[in-house]
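Q: Got query31.cif for you, mmCIF, C-alpha atoms and all ligand atoms; chains and numbers go by the auth columns:
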```
data_final
#
loop_
_atom_site.group_PDB
_atom_site.id
_atom_site.type_symbol
_atom_site.label_atom_id
_atom_site.label_comp_id
_atom_site.label_asym_id
_atom_site.label_seq_id
_atom_site.Cartn_x
_atom_site.Cartn_y
_atom_site.Cartn_z
_atom_site.B_iso_or_equiv
_atom_site.auth_seq_id
_atom_site.auth_asym_id
ATOM 1 C CA MET A 1 87.203 103.708 103.792 0.00 1 Z
ATOM 2 C CA THR A 2 86.432 105.676 100.631 0.00 2 Z
ATOM 3 C CA ASP A 3 87.061 109.379 100.033 0.00 3 Z
ATOM 4 C CA ARG A 4 83.323 109.950 100.396 0.00 4 Z
ATOM 5 C CA GLN A 5 83.342 108.368 103.867 0.00 5 Z
ATOM 6 C CA ALA A 6 86.488 110.070 105.151 0.00 6 Z
ATOM 7 C CA SER A 7 88.277 113.260 104.220 0.00 7 Z
ATOM 8 C CA ARG A 8 91.633 114.632 105.346 0.00 8 Z
ATOM 9 C CA PHE A 9 91.088 116.515 108.588 0.00 9 Z
ATOM 10 C CA ILE A 10 94.241 118.459 109.237 0.00 10 Z
ATOM 11 C CA ASP A 11 97.772 117.988 108.094 0.00 11 Z
ATOM 12 C CA ASP A 12 98.815 115.453 110.722 0.00 12 Z
ATOM 13 C CA GLY A 13 97.311 112.411 109.015 0.00 13 Z
ATOM 14 C CA ARG A 14 94.033 112.318 110.907 0.00 14 Z
ATOM 15 C CA LEU A 15 91.064 111.329 108.800 0.00 15 Z
ATOM 16 C CA TYR A 16 87.585 112.415 109.745 0.00 16 Z
ATOM 17 C CA ALA A 17 84.419 110.436 108.956 0.00 17 Z
ATOM 18 C CA PRO A 18 81.228 112.417 109.596 0.00 18 Z
ATOM 19 C CA ALA A 19 79.303 109.202 110.338 0.00 19 Z
ATOM 20 C CA ALA A 20 81.759 108.240 113.075 0.00 20 Z
ATOM 21 C CA LEU A 21 81.099 111.537 114.833 0.00 21 Z
ATOM 22 C CA ARG A 22 77.326 111.069 114.521 0.00 22 Z
ATOM 23 C CA ASN A 23 77.127 107.496 115.763 0.00 23 Z
ATOM 24 C CA ARG A 24 79.778 107.348 118.468 0.00 24 Z
ATOM 25 C CA ALA A 25 77.589 108.482 121.395 0.00 25 Z
ATOM 26 C CA GLY A 26 74.971 105.833 120.611 0.00 26 Z
ATOM 27 C CA LEU A 27 77.679 103.211 120.237 0.00 27 Z
ATOM 28 C CA ILE A 28 79.166 104.135 123.615 0.00 28 Z
ATOM 29 C CA ASP A 29 75.733 103.851 125.273 0.00 29 Z
ATOM 30 C CA MET A 30 75.225 100.422 123.729 0.00 30 Z
ATOM 31 C CA LEU A 31 78.731 99.274 124.723 0.00 31 Z
ATOM 32 C CA ARG A 32 78.091 100.146 128.394 0.00 32 Z
ATOM 33 C CA ASP A 33 75.912 97.031 128.583 0.00 33 Z
ATOM 34 C CA VAL A 34 78.445 94.823 126.840 0.00 34 Z
ATOM 35 C CA LEU A 35 82.065 95.683 127.608 0.00 35 Z
ATOM 36 C CA PRO A 36 83.775 94.480 130.770 0.00 36 Z
ATOM 37 C CA GLN A 37 84.889 97.030 133.390 0.00 37 Z
ATOM 38 C CA SER A 38 88.480 96.325 132.396 0.00 38 Z
ATOM 39 C CA GLY A 39 90.281 94.133 129.896 0.00 39 Z
ATOM 40 C CA GLN A 40 91.364 94.062 126.272 0.00 40 Z
ATOM 41 C CA VAL A 41 89.126 94.953 123.334 0.00 41 Z
ATOM 42 C CA LEU A 42 90.159 94.322 119.733 0.00 42 Z
ATOM 43 C CA GLU A 43 88.529 96.499 117.101 0.00 43 Z
ATOM 44 C CA ILE A 44 88.623 95.228 113.522 0.00 44 Z
ATOM 45 C CA ALA A 45 88.111 97.565 110.530 0.00 45 Z
ATOM 46 C CA SER A 46 88.829 100.602 112.731 0.00 46 Z
ATOM 47 C CA GLY A 47 88.743 103.066 109.816 0.00 47 Z
ATOM 48 C CA THR A 48 89.855 106.557 110.808 0.00 48 Z
ATOM 49 C CA GLY A 49 90.474 105.682 114.479 0.00 49 Z
ATOM 50 C CA GLU A 50 87.909 108.168 115.782 0.00 50 Z
ATOM 51 C CA HIS A 51 85.835 105.429 117.399 0.00 51 Z
ATOM 52 C CA ALA A 52 88.853 103.880 119.129 0.00 52 Z
ATOM 53 C CA VAL A 53 89.894 107.117 120.831 0.00 53 Z
ATOM 54 C CA ALA A 54 86.292 108.027 121.754 0.00 54 Z
ATOM 55 C CA PHE A 55 85.684 104.565 123.234 0.00 55 Z
ATOM 56 C CA ALA A 56 88.989 104.756 125.114 0.00 56 Z
ATOM 57 C CA ALA A 57 87.960 108.029 126.722 0.00 57 Z
ATOM 58 C CA ALA A 58 84.571 106.575 127.703 0.00 58 Z
ATOM 59 C CA PHE A 59 86.031 103.315 129.083 0.00 59 Z
ATOM 60 C CA PRO A 60 89.312 104.368 130.698 0.00 60 Z
ATOM 61 C CA ARG A 61 90.018 100.988 132.337 0.00 61 Z
ATOM 62 C CA VAL A 62 89.664 99.088 129.079 0.00 62 Z
ATOM 63 C CA VAL A 63 92.601 98.776 126.667 0.00 63 Z
ATOM 64 C CA PHE A 64 91.523 99.146 123.036 0.00 64 Z
ATOM 65 C CA HIS A 65 93.484 97.582 120.213 0.00 65 Z
ATOM 66 C CA PRO A 66 92.441 99.053 116.850 0.00 66 Z
ATOM 67 C CA SER A 67 93.308 97.359 113.569 0.00 67 Z
ATOM 68 C CA GLU A 68 93.033 98.130 109.885 0.00 68 Z
ATOM 69 C CA PRO A 69 94.276 96.579 106.623 0.00 69 Z
ATOM 70 C CA ASN A 70 94.513 100.046 105.019 0.00 70 Z
ATOM 71 C CA ALA A 71 97.838 101.820 105.680 0.00 71 Z
ATOM 72 C CA THR A 72 96.386 105.338 105.326 0.00 72 Z
ATOM 73 C CA CYS A 73 93.767 104.483 107.930 0.00 73 Z
ATOM 74 C CA ARG A 74 96.438 103.047 110.232 0.00 74 Z
ATOM 75 C CA ALA A 75 98.351 106.327 109.948 0.00 75 Z
ATOM 76 C CA SER A 76 95.125 108.162 110.812 0.00 76 Z
ATOM 77 C CA ILE A 77 94.562 105.938 113.848 0.00 77 Z
ATOM 78 C CA GLU A 78 98.105 106.682 115.065 0.00 78 Z
ATOM 79 C CA ALA A 79 97.523 110.397 114.491 0.00 79 Z
ATOM 80 C CA TRP A 80 94.277 110.338 116.497 0.00 80 Z
ATOM 81 C CA ILE A 81 96.027 108.506 119.351 0.00 81 Z
ATOM 82 C CA ALA A 82 98.790 111.126 119.347 0.00 82 Z
ATOM 83 C CA ALA A 83 96.425 114.099 119.018 0.00 83 Z
ATOM 84 C CA THR A 84 94.092 113.017 121.814 0.00 84 Z
ATOM 85 C CA GLY A 85 96.806 111.676 124.091 0.00 85 Z
ATOM 86 C CA VAL A 86 94.675 108.718 125.200 0.00 86 Z
ATOM 87 C CA GLY A 87 96.777 106.232 127.102 0.00 87 Z
ATOM 88 C CA ASN A 88 94.610 103.144 126.661 0.00 88 Z
ATOM 89 C CA VAL A 89 94.744 102.650 122.883 0.00 89 Z
ATOM 90 C CA LEU A 90 97.476 100.406 121.485 0.00 90 Z
ATOM 91 C CA PRO A 91 99.088 101.112 118.095 0.00 91 Z
ATOM 92 C CA PRO A 92 96.959 99.735 115.236 0.00 92 Z
ATOM 93 C CA LEU A 93 97.505 96.232 113.949 0.00 93 Z
ATOM 94 C CA ALA A 94 97.698 95.604 110.195 0.00 94 Z
ATOM 95 C CA LEU A 95 94.875 93.100 110.398 0.00 95 Z
ATOM 96 C CA ASP A 96 92.592 91.880 107.641 0.00 96 Z
ATOM 97 C CA ALA A 97 89.572 89.940 108.856 0.00 97 Z
ATOM 98 C CA THR A 98 90.451 87.150 106.434 0.00 98 Z
ATOM 99 C CA ASP A 99 93.838 86.636 108.119 0.00 99 Z
ATOM 100 C CA GLU A 100 94.207 83.164 109.615 0.00 100 Z
ATOM 101 C CA ILE A 101 95.479 84.465 112.973 0.00 101 Z
ATOM 102 C CA TRP A 102 94.283 87.810 114.340 0.00 102 Z
ATOM 103 C CA THR A 103 96.252 88.349 117.560 0.00 103 Z
ATOM 104 C CA ALA A 104 98.760 86.476 119.708 0.00 104 Z
ATOM 105 C CA GLU A 105 96.624 86.891 122.829 0.00 105 Z
ATOM 106 C CA LEU A 106 92.963 86.258 123.467 0.00 106 Z
ATOM 107 C CA VAL A 107 90.767 89.316 124.126 0.00 107 Z
ATOM 108 C CA ASP A 108 87.672 90.055 126.210 0.00 108 Z
ATOM 109 C CA ALA A 109 85.637 91.638 123.411 0.00 109 Z
ATOM 110 C CA ILE A 110 85.809 92.352 119.686 0.00 110 Z
ATOM 111 C CA LEU A 111 84.185 95.288 117.893 0.00 111 Z
ATOM 112 C CA CYS A 112 83.241 95.099 114.227 0.00 112 Z
ATOM 113 C CA ILE A 113 81.605 98.385 113.277 0.00 113 Z
ATOM 114 C CA ASN A 114 80.356 99.084 109.767 0.00 114 Z
ATOM 115 C CA LEU A 115 82.155 96.215 108.084 0.00 115 Z
ATOM 116 C CA LEU A 116 79.666 93.387 107.621 0.00 116 Z
ATOM 117 C CA HIS A 117 77.194 95.287 105.444 0.00 117 Z
ATOM 118 C CA LEU A 118 79.858 96.146 102.873 0.00 118 Z
ATOM 119 C CA ALA A 119 79.483 94.139 99.678 0.00 119 Z
ATOM 120 C CA ALA A 120 82.861 92.439 100.094 0.00 120 Z
ATOM 121 C CA ALA A 121 82.517 91.917 103.803 0.00 121 Z
ATOM 122 C CA PRO A 122 83.779 88.502 104.836 0.00 122 Z
ATOM 123 C CA ILE A 123 81.109 87.377 107.310 0.00 123 Z
ATOM 124 C CA ALA A 124 82.395 83.818 107.643 0.00 124 Z
ATOM 125 C CA ALA A 125 85.970 85.024 108.163 0.00 125 Z
ATOM 126 C CA VAL A 126 84.898 87.522 110.826 0.00 126 Z
ATOM 127 C CA MET A 127 82.986 84.879 112.753 0.00 127 Z
ATOM 128 C CA ARG A 128 85.790 82.323 112.504 0.00 128 Z
ATOM 129 C CA GLY A 129 88.405 84.894 113.546 0.00 129 Z
ATOM 130 C CA ALA A 130 86.306 86.251 116.391 0.00 130 Z
ATOM 131 C CA ALA A 131 85.612 82.805 117.827 0.00 131 Z
ATOM 132 C CA ALA A 132 89.344 82.003 117.700 0.00 132 Z
ATOM 133 C CA THR A 133 90.376 85.311 119.294 0.00 133 Z
ATOM 134 C CA LEU A 134 87.848 85.756 122.122 0.00 134 Z
ATOM 135 C CA LYS A 135 88.373 84.480 125.637 0.00 135 Z
ATOM 136 C CA PRO A 136 85.633 82.079 126.785 0.00 136 Z
ATOM 137 C CA GLY A 137 82.632 84.239 127.694 0.00 137 Z
ATOM 138 C CA GLY A 138 83.911 87.123 125.552 0.00 138 Z
ATOM 139 C CA SER A 139 81.640 89.231 123.355 0.00 139 Z
ATOM 140 C CA LEU A 140 81.614 90.108 119.670 0.00 140 Z
ATOM 141 C CA VAL A 141 79.774 93.328 118.833 0.00 141 Z
ATOM 142 C CA THR A 142 78.804 93.894 115.218 0.00 142 Z
ATOM 143 C CA TYR A 143 77.077 97.072 114.090 0.00 143 Z
ATOM 144 C CA GLY A 144 75.774 98.164 110.732 0.00 144 Z
ATOM 145 C CA LEU A 145 72.886 98.704 108.385 0.00 145 Z
ATOM 146 C CA PHE A 146 71.691 95.117 108.370 0.00 146 Z
ATOM 147 C CA THR A 147 68.843 93.852 106.200 0.00 147 Z
ATOM 148 C CA PRO A 148 66.830 90.917 107.587 0.00 148 Z
ATOM 149 C CA GLU A 149 68.663 88.620 105.128 0.00 149 Z
ATOM 150 C CA LEU A 150 72.072 89.897 106.218 0.00 150 Z
ATOM 151 C CA THR A 151 71.093 89.604 109.881 0.00 151 Z
ATOM 152 C CA ALA A 152 70.129 85.963 109.287 0.00 152 Z
ATOM 153 C CA ALA A 153 73.432 85.277 107.500 0.00 153 Z
ATOM 154 C CA ILE A 154 75.429 86.903 110.318 0.00 154 Z
ATOM 155 C CA VAL A 155 73.568 84.977 113.024 0.00 155 Z
ATOM 156 C CA ALA A 156 73.973 81.699 111.104 0.00 156 Z
ATOM 157 C CA ALA A 157 77.730 82.181 110.642 0.00 157 Z
ATOM 158 C CA ALA A 158 78.130 83.193 114.290 0.00 158 Z
ATOM 159 C CA THR A 159 76.213 80.169 115.549 0.00 159 Z
ATOM 160 C CA GLN A 160 78.284 77.829 113.352 0.00 160 Z
ATOM 161 C CA ASN A 161 81.365 79.162 115.135 0.00 161 Z
ATOM 162 C CA GLY A 162 80.032 78.713 118.663 0.00 162 Z
ATOM 163 C CA LEU A 163 78.951 82.336 119.145 0.00 163 Z
ATOM 164 C CA THR A 164 75.553 82.688 120.808 0.00 164 Z
ATOM 165 C CA PRO A 165 73.383 85.657 119.771 0.00 165 Z
ATOM 166 C CA ARG A 166 72.081 88.086 122.367 0.00 166 Z
ATOM 167 C CA PRO A 167 68.955 90.138 121.624 0.00 167 Z
ATOM 168 C CA ALA A 168 69.614 92.589 118.768 0.00 168 Z
ATOM 169 C CA VAL A 169 69.896 96.237 119.802 0.00 169 Z
ATOM 170 C CA PRO A 170 68.113 98.750 117.521 0.00 170 Z
ATOM 171 C CA MET A 171 70.293 101.788 116.848 0.00 171 Z
ATOM 172 C CA PRO A 172 69.567 105.177 115.217 0.00 172 Z
ATOM 173 C CA ASP A 173 69.251 105.559 111.433 0.00 173 Z
ATOM 174 C CA HIS A 174 67.971 101.987 110.945 0.00 174 Z
ATOM 175 C CA HIS A 175 71.249 100.513 112.137 0.00 175 Z
ATOM 176 C CA GLN A 176 71.483 97.542 114.483 0.00 176 Z
ATOM 177 C CA ALA A 177 73.950 96.080 116.928 0.00 177 Z
ATOM 178 C CA LEU A 178 74.146 92.294 116.760 0.00 178 Z
ATOM 179 C CA ILE A 179 75.988 90.965 119.785 0.00 179 Z
ATOM 180 C CA PHE A 180 77.306 87.453 120.343 0.00 180 Z
ATOM 181 C CA ARG A 181 78.953 85.672 123.245 0.00 181 Z
ATOM 182 C CA LEU A 182 81.453 82.835 123.071 0.00 182 Z
ATOM 183 C CA ALA A 183 80.478 79.975 125.349 0.00 183 Z
ATOM 184 C CA ARG A 184 82.462 79.697 128.585 0.00 184 Z
HETATM 185 C C1 LIG B . 82.913 101.761 106.312 0.00 201 O
HETATM 186 S S1 LIG B . 84.540 101.690 106.968 0.00 201 O
HETATM 187 C C2 LIG B . 84.168 101.625 108.711 0.00 201 O
HETATM 188 C C3 LIG B . 85.276 102.148 109.559 0.00 201 O
HETATM 189 C C4 LIG B . 84.929 102.322 111.037 0.00 201 O
HETATM 190 N N1 LIG B . 84.679 101.058 111.680 0.00 201 O
HETATM 191 C C5 LIG B . 83.749 103.254 111.198 0.00 201 O
HETATM 192 O O1 LIG B . 82.634 102.807 111.455 0.00 201 O
HETATM 193 O O2 LIG B . 83.945 104.473 111.052 0.00 201 O
HETATM 194 C C6 LIG B . 85.018 100.028 106.620 0.00 201 O
HETATM 195 C C7 LIG B . 86.457 99.727 106.977 0.00 201 O
HETATM 196 O O3 LIG B . 86.667 98.332 106.797 0.00 201 O
HETATM 197 C C8 LIG B . 87.981 98.136 106.354 0.00 201 O
HETATM 198 N N2 LIG B . 88.009 96.805 105.719 0.00 201 O
HETATM 199 C C9 LIG B . 87.606 96.461 104.470 0.00 201 O
HETATM 200 N N3 LIG B . 87.784 95.148 104.260 0.00 201 O
HETATM 201 C C10 LIG B . 88.294 94.642 105.418 0.00 201 O
HETATM 202 C C11 LIG B . 88.701 93.348 105.819 0.00 201 O
HETATM 203 N N4 LIG B . 88.636 92.293 104.985 0.00 201 O
HETATM 204 N N5 LIG B . 89.190 93.180 107.077 0.00 201 O
HETATM 205 C C12 LIG B . 89.268 94.239 107.927 0.00 201 O
HETATM 206 N N6 LIG B . 88.912 95.496 107.580 0.00 201 O
HETATM 207 C C13 LIG B . 88.435 95.690 106.347 0.00 201 O
HETATM 208 C C14 LIG B . 88.230 99.290 105.410 0.00 201 O
HETATM 209 O O4 LIG B . 89.608 99.539 105.246 0.00 201 O
HETATM 210 C C15 LIG B . 87.483 100.422 106.112 0.00 201 O
HETATM 211 O O5 LIG B . 88.336 101.182 106.927 0.00 201 O
#
```
Could I get this file's structure written as structure tokens?
Ligand SMILES: C[S@@+](CC[C@H](N)C(=O)[O-])C[C@H]1O[C@@H](n2cnc3c(N)ncnc32)[C@H](O)[C@@H]1O
A:
Amino acid sequence: MTDRQASRFIDDGRLYAPAALRNRAGLIDMLRDVLPQSGQVLEIASGTGEHAVAFAAAFPRVVFHPSEPNATCRASIEAWIAATGVGNVLPPLALDATDEIWTAELVDAILCINLLHLAAAPIAAVMRGAAATLKPGGSLVTYGLFTPELTAAIVAAATQNGLTPRPAVPMPDHHQALIFRLAR
């Protein structure tokens, strides 16, 4: 998360990303067709934490586990959890997508929002980690500004790791949600 993408909100550590405010309603609508009624959802590259608390409010029976390699972002996520008082968001994990092991327990779904179109984004690592961390039948949701070439690379890496693509979901501002399911 760069300074251009997020700026200090108020003095409690919360960061605010204008894009996260703009896209969260569309993301929630899309997730209604994907997330289970209840269960555990891991979010990688959570950024400010605004998505995690908004998703938690929209899906109150789902437990969200945000994660971030950046310590300032993790502090922001904790501040958003405290400020909103949501009870179904766990404290953020210090997780980098290239880590060998992501979580101790398997999860029902994984969210990867606005990571894979970054220049340094580790597509292969995300797909390997997601396949190792999802329960059988679980879903990986990726979202971003994907070119056709990037979409093909994401789908190829997912398929190599046993993740089956569902139809892509067009999103506002030329973004896309690419959703995959781990075989049962
Ligand atoms: C563009 S921001 C998106 C944040 C949030 N998902 C959103 O949409 O508002 C990208 C985030 O990816 C994180 N990031 C960068 N490299 C990463 C990696 N290898 N593994 C996990 N997160 C990473 C950054 O720290 C940053 O917070």
Q: Neighbouring residues of Z:Trp80 were defined as those with any atom within 8 Å, considering all atoms listed in the file; residues of the same chain fewer than 4 positions away were excluded. Please report them as a list in words.
A: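 With the cut-off at 8 Å, the set is Arg14, Gly49, Glu50, Val53, Ser76 and Thr84 of chain Z.
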Q: Compute the distance from (83.3, 89.4, 126.8) to each atom, counting all atoms listed in the file, keep the residues with any atom at most 6 Å away, and return them as a list in words; use the coordinates of the file.
A: Asp108, Ala109, Gly137, Gly138 and Ser139 of chain Z
Q: List the residues selected by the PyMOL selection byres (((chain Z and resi 150) around 12) and not hetatm) in the file shown, writing them as a ChimeraX atom specification.
A: /Z:116-119,121-123,142-149,151-157,176,178
Q: Which one is closest to ligand LIG 201 (chain O): Z:Ala168, Z:Ala52, Z:Val107, Z:Met30? Count only C-alpha atoms and all ligand atoms.
A: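 Smallest distance to ligand LIG 201 (chain O) is found for Z:Ala52.
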Q: Compare Z:Ala20, Z:Val126, Z:Leu31, Z:Ala75 by their minimum atom-to-atom distance to ligand LIG 201 (chain O), counting only C-alpha atoms and all ligand atoms, and give me the closest one.
A: Z:Ala20
Q: Looking at Z:Ser38, Z:Asn23, Z:Asn114, Z:Thr103, which one is nearest to ligand LIG 201 (chain O), with distances taken over only C-alpha atoms and all ligand atoms?
A: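 The shortest atom-to-atom distance to ligand LIG 201 (chain O) comes from Z:Asn114.
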